[in-house]
>>> print(open('input29.tsv').read())   # TSV, C-alpha atoms
chain	number	residue	atom	x	y	z
A	5	MET	CA	162.56	129.70	-67.19
A	6	ARG	CA	159.76	131.58	-65.42
A	7	THR	CA	160.41	135.28	-64.92
A	8	SER	CA	159.68	136.99	-61.61
A	9	THR	CA	156.91	139.25	-62.93
A	10	ALA	CA	153.92	139.96	-60.72
A	11	LEU	CA	151.06	137.53	-61.22
A	12	LYS	CA	147.94	139.26	-62.52
A	13	LEU	CA	144.73	137.43	-61.80
A	14	PRO	CA	141.38	138.08	-63.51
A	15	PHE	CA	139.68	138.40	-60.12
A	16	THR	CA	140.20	140.00	-56.72
A	17	VAL	CA	141.72	137.89	-53.94
A	18	GLN	CA	140.71	138.69	-50.38
A	19	PRO	CA	143.82	139.75	-48.43
A	20	ALA	CA	145.09	137.59	-45.57
A	21	ASP	CA	144.29	138.75	-42.04
A	22	ASP	CA	143.99	137.48	-38.47
A	23	TYR	CA	141.12	135.15	-39.37
A	24	PRO	CA	142.61	131.87	-40.65
A	25	SER	CA	141.18	130.12	-43.69
A	26	SER	CA	142.16	126.70	-42.31
A	27	ASP	CA	142.55	124.98	-38.96
A	28	GLY	CA	145.31	122.75	-40.31
A	29	LYS	CA	143.15	119.66	-40.11
A	30	PRO	CA	142.46	117.57	-43.22
A	31	MET	CA	138.94	116.73	-44.38
A	32	ALA	CA	138.36	113.49	-42.49
A	33	GLU	CA	135.37	112.19	-44.43
A	34	THR	CA	134.57	109.09	-46.45
A	35	GLU	CA	134.93	109.04	-50.20
A	36	VAL	CA	131.12	108.95	-50.40
A	37	HIS	CA	130.88	112.22	-48.45
A	38	ILE	CA	133.56	113.94	-50.51
A	39	LEU	CA	132.00	112.94	-53.83
A	40	ALA	CA	128.54	113.99	-52.61
A	41	LEU	CA	129.93	117.36	-51.53
A	42	LEU	CA	131.75	117.98	-54.81
A	43	HIS	CA	128.68	117.01	-56.82
A	44	LEU	CA	126.35	119.27	-54.84
A	45	LEU	CA	128.75	122.23	-54.94
A	46	SER	CA	129.34	122.02	-58.69
A	47	ALA	CA	125.63	121.49	-59.49
A	48	LEU	CA	124.61	124.56	-57.50
A	49	ARG	CA	127.38	126.66	-59.01
A	50	PHE	CA	126.33	125.52	-62.47
A	51	PHE	CA	122.67	126.36	-61.76
A	52	PHE	CA	123.52	129.89	-60.59
A	53	ARG	CA	126.37	130.46	-63.06
A	54	LYS	CA	124.58	133.37	-64.81
A	55	GLN	CA	123.66	135.19	-61.59
A	56	SER	CA	126.62	137.31	-60.53
A	57	ASP	CA	125.21	138.11	-57.09
A	58	ILE	CA	124.66	134.56	-55.82
A	59	TYR	CA	127.72	133.08	-54.14
A	60	VAL	CA	127.96	129.31	-53.68
A	61	ILE	CA	130.87	127.90	-51.70
A	62	GLY	CA	131.76	124.84	-49.65
A	63	ASN	CA	133.91	124.15	-46.59
A	64	MET	CA	134.78	127.81	-46.08
A	65	PHE	CA	135.12	129.29	-42.61
A	66	LEU	CA	132.07	131.38	-41.70
A	67	TYR	CA	133.14	133.85	-39.01
A	68	TYR	CA	130.23	135.33	-37.11
A	69	ARG	CA	131.75	137.39	-34.28
A	70	GLU	CA	134.11	140.25	-35.02
A	71	GLY	CA	137.28	140.21	-32.96
A	72	ASN	CA	137.07	136.51	-32.11
A	73	ASN	CA	138.68	134.20	-34.66
A	74	ARG	CA	137.53	131.14	-32.74
A	75	LYS	CA	133.86	131.83	-33.45
A	76	TYR	CA	133.34	130.15	-36.77
A	77	LYS	CA	131.71	127.24	-38.54
A	78	ALA	CA	132.64	125.65	-41.85
A	79	PRO	CA	129.36	124.67	-43.54
A	80	ASP	CA	129.64	121.96	-46.18
A	81	ILE	CA	127.63	124.18	-48.53
A	82	MET	CA	126.44	127.74	-48.11
A	83	VAL	CA	124.62	129.97	-50.57
A	84	ILE	CA	124.64	133.75	-50.16
A	85	LYS	CA	122.57	136.23	-52.16
A	86	GLY	CA	123.50	139.81	-52.87
A	87	VAL	CA	127.29	139.69	-52.61
A	88	ASP	CA	130.14	140.16	-55.08
A	89	THR	CA	131.00	136.79	-56.57
A	90	THR	CA	134.14	138.06	-58.32
A	91	ILE	CA	136.04	138.16	-55.02
A	92	ARG	CA	137.99	135.00	-54.19
A	93	ARG	CA	137.48	134.82	-50.44
A	94	ARG	CA	139.76	133.25	-47.87
A	95	SER	CA	136.87	133.19	-45.39
A	96	TYR	CA	133.41	134.70	-45.02
A	97	LYS	CA	133.03	137.33	-42.28
A	98	LEU	CA	129.49	138.39	-41.50
A	99	TRP	CA	130.39	141.86	-40.20
A	100	GLU	CA	132.23	142.66	-43.43
A	101	GLU	CA	129.80	141.09	-45.89
A	102	LYS	CA	126.71	142.20	-43.92
A	103	VAL	CA	124.74	139.38	-45.56
A	104	PRO	CA	124.26	135.96	-43.94
A	105	PRO	CA	123.93	132.82	-46.04
A	106	CYS	CA	120.34	132.23	-47.09
A	107	VAL	CA	120.86	128.45	-47.20
A	108	VAL	CA	123.25	126.06	-45.47
A	109	ILE	CA	123.52	122.35	-46.31
A	110	GLU	CA	125.42	119.93	-44.11
A	111	LEU	CA	126.40	116.38	-45.10
A	112	THR	CA	126.22	114.65	-41.77
A	113	SER	CA	128.52	111.90	-40.52
A	114	ALA	CA	129.27	110.06	-37.29
A	115	GLU	CA	131.66	112.84	-36.24
A	116	THR	CA	129.30	115.73	-36.98
A	117	LYS	CA	125.84	114.26	-36.26
A	118	ASN	CA	125.29	115.77	-32.80
A	119	GLU	CA	126.55	119.19	-33.78
A	120	ASP	CA	124.55	119.15	-37.03
A	121	ILE	CA	121.32	118.29	-35.21
A	122	VAL	CA	121.69	120.22	-31.94
A	123	THR	CA	124.28	123.00	-31.99
A	124	LYS	CA	124.24	124.29	-35.55
A	125	PRO	CA	120.47	124.80	-35.97
A	126	ALA	CA	120.33	127.19	-33.01
A	127	LEU	CA	123.39	129.10	-34.21
A	128	TYR	CA	122.28	129.26	-37.84
A	129	ALA	CA	118.84	130.48	-36.79
A	130	SER	CA	120.42	133.24	-34.69
A	131	LEU	CA	122.52	134.32	-37.68
A	132	GLY	CA	119.44	134.74	-39.86
A	133	ILE	CA	119.99	131.77	-42.16
A	134	LYS	CA	116.60	131.10	-43.73
A	135	GLU	CA	116.88	127.42	-44.71
A	136	TYR	CA	118.95	124.58	-43.28
A	137	PHE	CA	119.23	121.14	-44.85
A	138	LEU	CA	120.81	117.95	-43.53
A	139	PHE	CA	121.76	115.09	-45.84
A	140	ASP	CA	123.12	111.71	-44.76
A	141	PRO	CA	124.90	110.23	-47.82
A	142	LEU	CA	125.29	106.79	-46.19
A	143	PHE	CA	121.86	106.93	-44.48
A	144	GLU	CA	123.43	105.73	-41.24
A	145	TYR	CA	123.03	108.64	-38.85
A	146	LEU	CA	119.67	110.35	-39.45
A	147	ASP	CA	116.16	108.94	-39.14
A	148	GLU	CA	115.46	110.40	-42.59
A	149	GLN	CA	118.21	110.64	-45.17
A	150	LEU	CA	117.23	114.23	-46.03
A	151	LEU	CA	115.89	116.78	-43.56
A	152	GLY	CA	115.07	120.43	-44.14
A	153	TYR	CA	114.16	123.38	-41.98
A	154	ARG	CA	112.83	126.83	-42.85
A	155	MET	CA	112.87	129.98	-40.73
A	156	VAL	CA	109.38	130.91	-39.53
A	157	GLU	CA	108.97	133.71	-36.98
A	158	GLY	CA	112.55	133.45	-35.79
A	159	GLU	CA	112.91	129.69	-35.50
A	160	PHE	CA	113.42	126.68	-37.74
A	161	VAL	CA	110.41	124.51	-38.55
A	162	PRO	CA	110.59	121.26	-40.55
A	163	ILE	CA	110.01	121.41	-44.31
A	164	GLN	CA	107.50	118.76	-45.29
A	165	PRO	CA	108.62	116.51	-48.17
A	166	ASP	CA	106.45	116.05	-51.24
A	167	LEU	CA	105.02	112.69	-52.34
A	168	ASP	CA	108.39	111.68	-53.83
A	169	GLY	CA	110.23	112.51	-50.61
A	170	ASP	CA	111.83	115.59	-52.18
A	171	LEU	CA	112.22	118.93	-50.41
A	172	HIS	CA	111.52	122.28	-52.03
A	173	SER	CA	113.88	125.16	-51.30
A	174	GLU	CA	112.08	128.47	-51.55
A	175	GLU	CA	115.33	130.37	-51.17
A	176	LEU	CA	117.10	128.55	-54.01
A	177	GLY	CA	114.08	127.97	-56.21
A	178	VAL	CA	115.04	124.32	-56.69
A	179	ILE	CA	114.02	120.86	-55.53
A	180	LEU	CA	116.40	118.73	-53.48
A	181	SER	CA	116.14	115.06	-54.38
A	182	ILE	CA	117.93	111.95	-53.12
A	183	ASP	CA	119.73	109.86	-55.72
A	184	ASP	CA	121.44	107.03	-53.82
A	185	SER	CA	124.39	108.70	-52.04
A	186	LEU	CA	123.99	112.00	-53.88
A	187	LEU	CA	121.79	114.98	-53.13
A	188	ARG	CA	120.64	116.14	-56.54
A	189	ILE	CA	119.37	119.56	-57.57
A	190	VAL	CA	116.21	119.47	-59.68
A	191	ASP	CA	115.07	122.35	-61.88
A	192	PRO	CA	111.35	122.76	-61.08
A	193	GLN	CA	110.75	124.19	-64.56
A	194	THR	CA	111.98	121.10	-66.38
A	195	GLY	CA	111.85	118.42	-63.69
A	196	GLU	CA	115.38	117.42	-64.69
A	197	PHE	CA	118.56	117.11	-62.62
A	198	ILE	CA	120.90	120.08	-62.77
A	199	PRO	CA	124.20	118.67	-64.04
A	200	ALA	CA	127.35	118.78	-61.99
A	201	LEU	CA	130.54	119.91	-63.72
A	202	GLU	CA	131.53	116.55	-65.15
A	203	GLU	CA	127.97	115.93	-66.35
A	204	ALA	CA	127.82	119.36	-68.00
A	205	VAL	CA	131.10	118.65	-69.81
A	206	ALA	CA	129.77	115.27	-70.96
A	207	GLN	CA	126.58	116.93	-72.26
A	208	VAL	CA	128.61	119.48	-74.23
A	209	GLU	CA	130.73	116.71	-75.73
A	210	GLN	CA	127.62	114.74	-76.73
A	211	GLU	CA	125.99	117.82	-78.28
A	212	THR	CA	129.20	118.61	-80.16
A	213	GLN	CA	129.40	115.05	-81.44
A	214	ARG	CA	125.76	115.15	-82.57
A	215	ALA	CA	126.34	118.46	-84.34
A	216	GLU	CA	129.38	117.04	-86.13
A	217	GLN	CA	127.43	113.94	-87.18
A	218	GLU	CA	124.56	116.08	-88.48
A	219	ALA	CA	127.03	118.23	-90.41
A	220	GLN	CA	128.58	115.11	-91.93
A	221	ARG	CA	125.13	113.82	-92.91
A	222	ALA	CA	124.31	117.20	-94.46
A	223	ASP	CA	127.55	117.17	-96.45
A	224	SER	CA	126.83	113.61	-97.60
A	225	ALA	CA	123.30	114.51	-98.65
A	226	GLU	CA	124.55	117.58	-100.53
A	227	ALA	CA	127.10	115.45	-102.36
A	228	GLU	CA	124.42	112.92	-103.27
A	229	VAL	CA	122.16	115.65	-104.66
A	230	ALA	CA	125.04	117.03	-106.75
A	231	HIS	CA	125.74	113.53	-108.09
A	232	LEU	CA	122.07	113.01	-109.05
A	233	ARG	CA	121.93	116.39	-110.79
A	234	ALA	CA	125.02	115.53	-112.82
A	235	LEU	CA	123.51	112.18	-113.76
A	236	VAL	CA	120.27	113.84	-114.86
A	237	GLU	CA	122.22	116.29	-117.03
A	238	GLN	CA	124.14	113.43	-118.67
A	239	LEU	CA	120.93	111.52	-119.39
A	240	THR	CA	119.26	114.65	-120.79
A	241	LYS	CA	122.18	115.32	-123.12
A	242	ALA	CA	122.17	111.70	-124.31
A	243	ALA	CA	118.44	111.83	-125.02
A	244	ASN	CA	118.81	115.01	-127.11
A	245	GLN	CA	121.59	113.64	-129.31
>>> encode(input="input29.tsv", output="structure tokens")
Amino acid sequence: MRTSTALKLPFTVQPADDYPSSDGKPMAETEVHILALLHLLSALRFFFRKQSDIYVIGNMFLYYREGNNRKYKAPDIMVIKGVDTTIRRRSYKLWEEKVPPCVVIELTSAETKNEDIVTKPALYASLGIKEYFLFDPLFEYLDEQLLGYRMVEGEFVPIQPDLDGDLHSEELGVILSIDDSLLRIVDPQTGEFIPALEEAVAQVEQETQRAEQEAQRADSAEAEVAHLRALVEQLTKAANQ
């Protein structure tokens, strides 16, 4: 039976206040959108896992006007530099954090297309967000499946894709690349996809299995050498008799 002792967590939880962390509405997106969001979130968090001042979060309320809990957006993905990542936030309030997201990524859909293209860019630019990306997992709503904008002299200008159609994020130091219905993160140093959580786990399992196989082969080789040495000793003794 569980005792009624106070729960001690290894991190700080932001206290509840007058700014809700939910509007009570469920995520009304397709499975494709949800999987694309989860993949992108986990890949970015994996890429920045060793940097304690880069906060990557998804579908969290971003409040931008103190005293008005109706002035918020909930970006699909936002990345913030220079904040404490050990705090488990209920929402992100600009006047408390004093740091806007450097990058916002929206996965557009039929319900969000107009807002993603018209309303949000103007707001995000006014908040000081430096890069804004739009990805259409189903490629049904945008003229290009992936669009990017970068802040130049106070306004967003389009980021030109490279020859492969990929977009380079200066703020994140990564390449954004389309892989069917997923937006993949590419490490520019290696040219390889950054793994999402399930891919990272699979890689660890494969590496562990390879290490175990190599250890077994080493043990087998060592046993074979010992057997040959014993045989040589027996033959030498027989020859000297």
>>> closest_residue(input="input29.tsv", among="A:Glu148, A:Lys54, A:Thr34, A:Thr194", to="Glu115 in chain A", atoms="only C-alpha atoms")
A:Thr34
>>> residues_around(input="input29.tsv", residues="Lys75 in chain A", least_positions_apart="6", cutoff="10 Å", atoms="only C-alpha atoms", output="count of residues only")
6
>>> atom_distance(input="input29.tsv", atom1="CA of Asn63 in chain A", atom2="CA of Ser26 in chain A")
9.6 Å
>>> atom_distance(input="input29.tsv", atom1="CA of Ile163 in chain A", atom2="CA of Gln55 in chain A")
26.0 Å
>>> closest_residue(input="input29.tsv", among="A:Ile198, A:Val122, A:Ala129, A:Ala234", to="Ser46 in chain A", atoms="only C-alpha atoms")
A:Ile198
>>> decode(input="input29.tsv", residues="range 119-133 of chain A", atoms="all heavy atoms", output="mmCIF file, in the first residue's frame")
data_model
loop_
_atom_site.group_PDB
_atom_site.id
_atom_site.type_symbol
_atom_site.label_atom_id
_atom_site.label_comp_id
_atom_site.auth_asym_id
_atom_site.auth_seq_id
_atom_site.Cartn_x
_atom_site.Cartn_y
_atom_site.Cartn_z
ATOM 1 N N GLU A 119 -4.072 30.667 -40.290
ATOM 2 C CA GLU A 119 -3.386 31.288 -39.158
ATOM 3 C C GLU A 119 -1.881 31.116 -39.276
ATOM 4 O O GLU A 119 -1.114 32.046 -38.995
ATOM 5 C CB GLU A 119 -3.890 30.679 -37.849
ATOM 6 C CG GLU A 119 -3.342 31.386 -36.619
ATOM 7 C CD GLU A 119 -3.848 30.783 -35.319
ATOM 8 O OE1 GLU A 119 -4.436 29.675 -35.377
ATOM 9 O OE2 GLU A 119 -3.651 31.404 -34.279
ATOM 10 N N ASP A 120 -1.436 29.921 -39.699
ATOM 11 C CA ASP A 120 -0.005 29.660 -39.829
ATOM 12 C C ASP A 120 0.647 30.570 -40.866
ATOM 13 O O ASP A 120 1.803 30.990 -40.699
ATOM 14 C CB ASP A 120 0.233 28.192 -40.229
ATOM 15 C CG ASP A 120 -0.128 27.219 -39.111
ATOM 16 O OD1 ASP A 120 -0.199 27.652 -37.943
ATOM 17 O OD2 ASP A 120 -0.342 26.037 -39.418
ATOM 18 N N ILE A 121 -0.083 30.878 -41.930
ATOM 19 C CA ILE A 121 0.494 31.659 -43.031
ATOM 20 C C ILE A 121 0.333 33.157 -42.827
ATOM 21 O O ILE A 121 1.218 33.945 -43.197
ATOM 22 C CB ILE A 121 -0.157 31.241 -44.370
ATOM 23 C CG1 ILE A 121 0.211 29.791 -44.703
ATOM 24 C CG2 ILE A 121 0.279 32.159 -45.505
ATOM 25 C CD1 ILE A 121 -0.480 29.259 -45.939
ATOM 26 N N VAL A 122 -0.771 33.588 -42.220
ATOM 27 C CA VAL A 122 -1.089 35.016 -42.145
ATOM 28 C C VAL A 122 -0.858 35.595 -40.752
ATOM 29 O O VAL A 122 -0.091 36.540 -40.565
ATOM 30 C CB VAL A 122 -2.547 35.273 -42.589
ATOM 31 C CG1 VAL A 122 -2.868 36.759 -42.483
ATOM 32 C CG2 VAL A 122 -2.766 34.767 -44.011
ATOM 33 N N THR A 123 -1.540 35.039 -39.757
ATOM 34 C CA THR A 123 -1.554 35.649 -38.427
ATOM 35 C C THR A 123 -0.260 35.418 -37.659
ATOM 36 O O THR A 123 0.332 36.357 -37.109
ATOM 37 C CB THR A 123 -2.730 35.097 -37.603
ATOM 38 O OG1 THR A 123 -3.937 35.235 -38.343
ATOM 39 C CG2 THR A 123 -2.849 35.835 -36.287
ATOM 40 N N LYS A 124 0.188 34.175 -37.608
ATOM 41 C CA LYS A 124 1.332 33.839 -36.769
ATOM 42 C C LYS A 124 2.636 34.506 -37.206
ATOM 43 O O LYS A 124 3.404 34.962 -36.337
ATOM 44 C CB LYS A 124 1.502 32.317 -36.698
ATOM 45 C CG LYS A 124 0.425 31.641 -35.867
ATOM 46 C CD LYS A 124 0.623 30.134 -35.837
ATOM 47 C CE LYS A 124 -0.474 29.451 -35.022
ATOM 48 N NZ LYS A 124 -0.342 27.984 -35.050
ATOM 49 N N PRO A 125 2.944 34.583 -38.515
ATOM 50 C CA PRO A 125 4.211 35.227 -38.880
ATOM 51 C C PRO A 125 4.346 36.645 -38.347
ATOM 52 O O PRO A 125 5.412 37.030 -37.840
ATOM 53 C CB PRO A 125 4.184 35.203 -40.413
ATOM 54 C CG PRO A 125 3.328 34.043 -40.761
ATOM 55 C CD PRO A 125 2.270 34.010 -39.702
ATOM 56 N N ALA A 126 3.283 37.436 -38.440
ATOM 57 C CA ALA A 126 3.339 38.815 -37.949
ATOM 58 C C ALA A 126 3.548 38.841 -36.438
ATOM 59 O O ALA A 126 4.349 39.630 -35.914
ATOM 60 C CB ALA A 126 2.065 39.555 -38.329
ATOM 61 N N LEU A 127 2.825 37.975 -35.718
ATOM 62 C CA LEU A 127 2.967 37.930 -34.270
ATOM 63 C C LEU A 127 4.359 37.458 -33.880
ATOM 64 O O LEU A 127 5.024 38.084 -33.028
ATOM 65 C CB LEU A 127 1.918 37.005 -33.664
ATOM 66 C CG LEU A 127 2.059 36.751 -32.160
ATOM 67 C CD1 LEU A 127 1.890 38.038 -31.371
ATOM 68 C CD2 LEU A 127 1.071 35.684 -31.699
ATOM 69 N N TYR A 128 4.814 36.360 -34.473
ATOM 70 C CA TYR A 128 6.112 35.817 -34.117
ATOM 71 C C TYR A 128 7.230 36.806 -34.421
ATOM 72 O O TYR A 128 8.201 36.910 -33.656
ATOM 73 C CB TYR A 128 6.354 34.495 -34.856
ATOM 74 C CG TYR A 128 5.476 33.351 -34.376
ATOM 75 C CD1 TYR A 128 5.242 32.235 -35.181
ATOM 76 C CD2 TYR A 128 4.888 33.371 -33.125
ATOM 77 C CE1 TYR A 128 4.447 31.186 -34.752
ATOM 78 C CE2 TYR A 128 4.089 32.333 -32.675
ATOM 79 C CZ TYR A 128 3.874 31.235 -33.497
ATOM 80 O OH TYR A 128 3.079 30.198 -33.059
ATOM 81 N N ALA A 129 7.106 37.539 -35.518
ATOM 82 C CA ALA A 129 8.107 38.555 -35.838
ATOM 83 C C ALA A 129 8.125 39.642 -34.768
ATOM 84 O O ALA A 129 9.191 40.100 -34.340
ATOM 85 C CB ALA A 129 7.828 39.157 -37.216
ATOM 86 N N SER A 130 6.941 40.052 -34.302
ATOM 87 C CA SER A 130 6.864 41.104 -33.287
ATOM 88 C C SER A 130 7.426 40.647 -31.948
ATOM 89 O O SER A 130 7.878 41.473 -31.147
ATOM 90 C CB SER A 130 5.405 41.554 -33.108
ATOM 91 O OG SER A 130 4.634 40.558 -32.452
ATOM 92 N N LEU A 131 7.423 39.335 -31.701
ATOM 93 C CA LEU A 131 7.938 38.796 -30.448
ATOM 94 C C LEU A 131 9.449 38.596 -30.486
ATOM 95 O O LEU A 131 10.054 38.283 -29.460
ATOM 96 C CB LEU A 131 7.256 37.463 -30.118
ATOM 97 C CG LEU A 131 5.744 37.509 -29.887
ATOM 98 C CD1 LEU A 131 5.212 36.114 -29.585
ATOM 99 C CD2 LEU A 131 5.378 38.481 -28.781
ATOM 100 N N GLY A 132 10.052 38.751 -31.659
ATOM 101 C CA GLY A 132 11.497 38.600 -31.776
ATOM 102 C C GLY A 132 11.965 37.201 -32.092
ATOM 103 O O GLY A 132 13.145 36.874 -31.913
ATOM 104 N N ILE A 133 11.060 36.363 -32.569
ATOM 105 C CA ILE A 133 11.435 35.003 -32.977
ATOM 106 C C ILE A 133 12.225 35.097 -34.280
ATOM 107 O O ILE A 133 11.782 35.718 -35.244
ATOM 108 C CB ILE A 133 10.178 34.130 -33.137
ATOM 109 C CG1 ILE A 133 9.538 33.937 -31.754
ATOM 110 C CG2 ILE A 133 10.506 32.787 -33.772
ATOM 111 C CD1 ILE A 133 8.153 33.345 -31.787
#
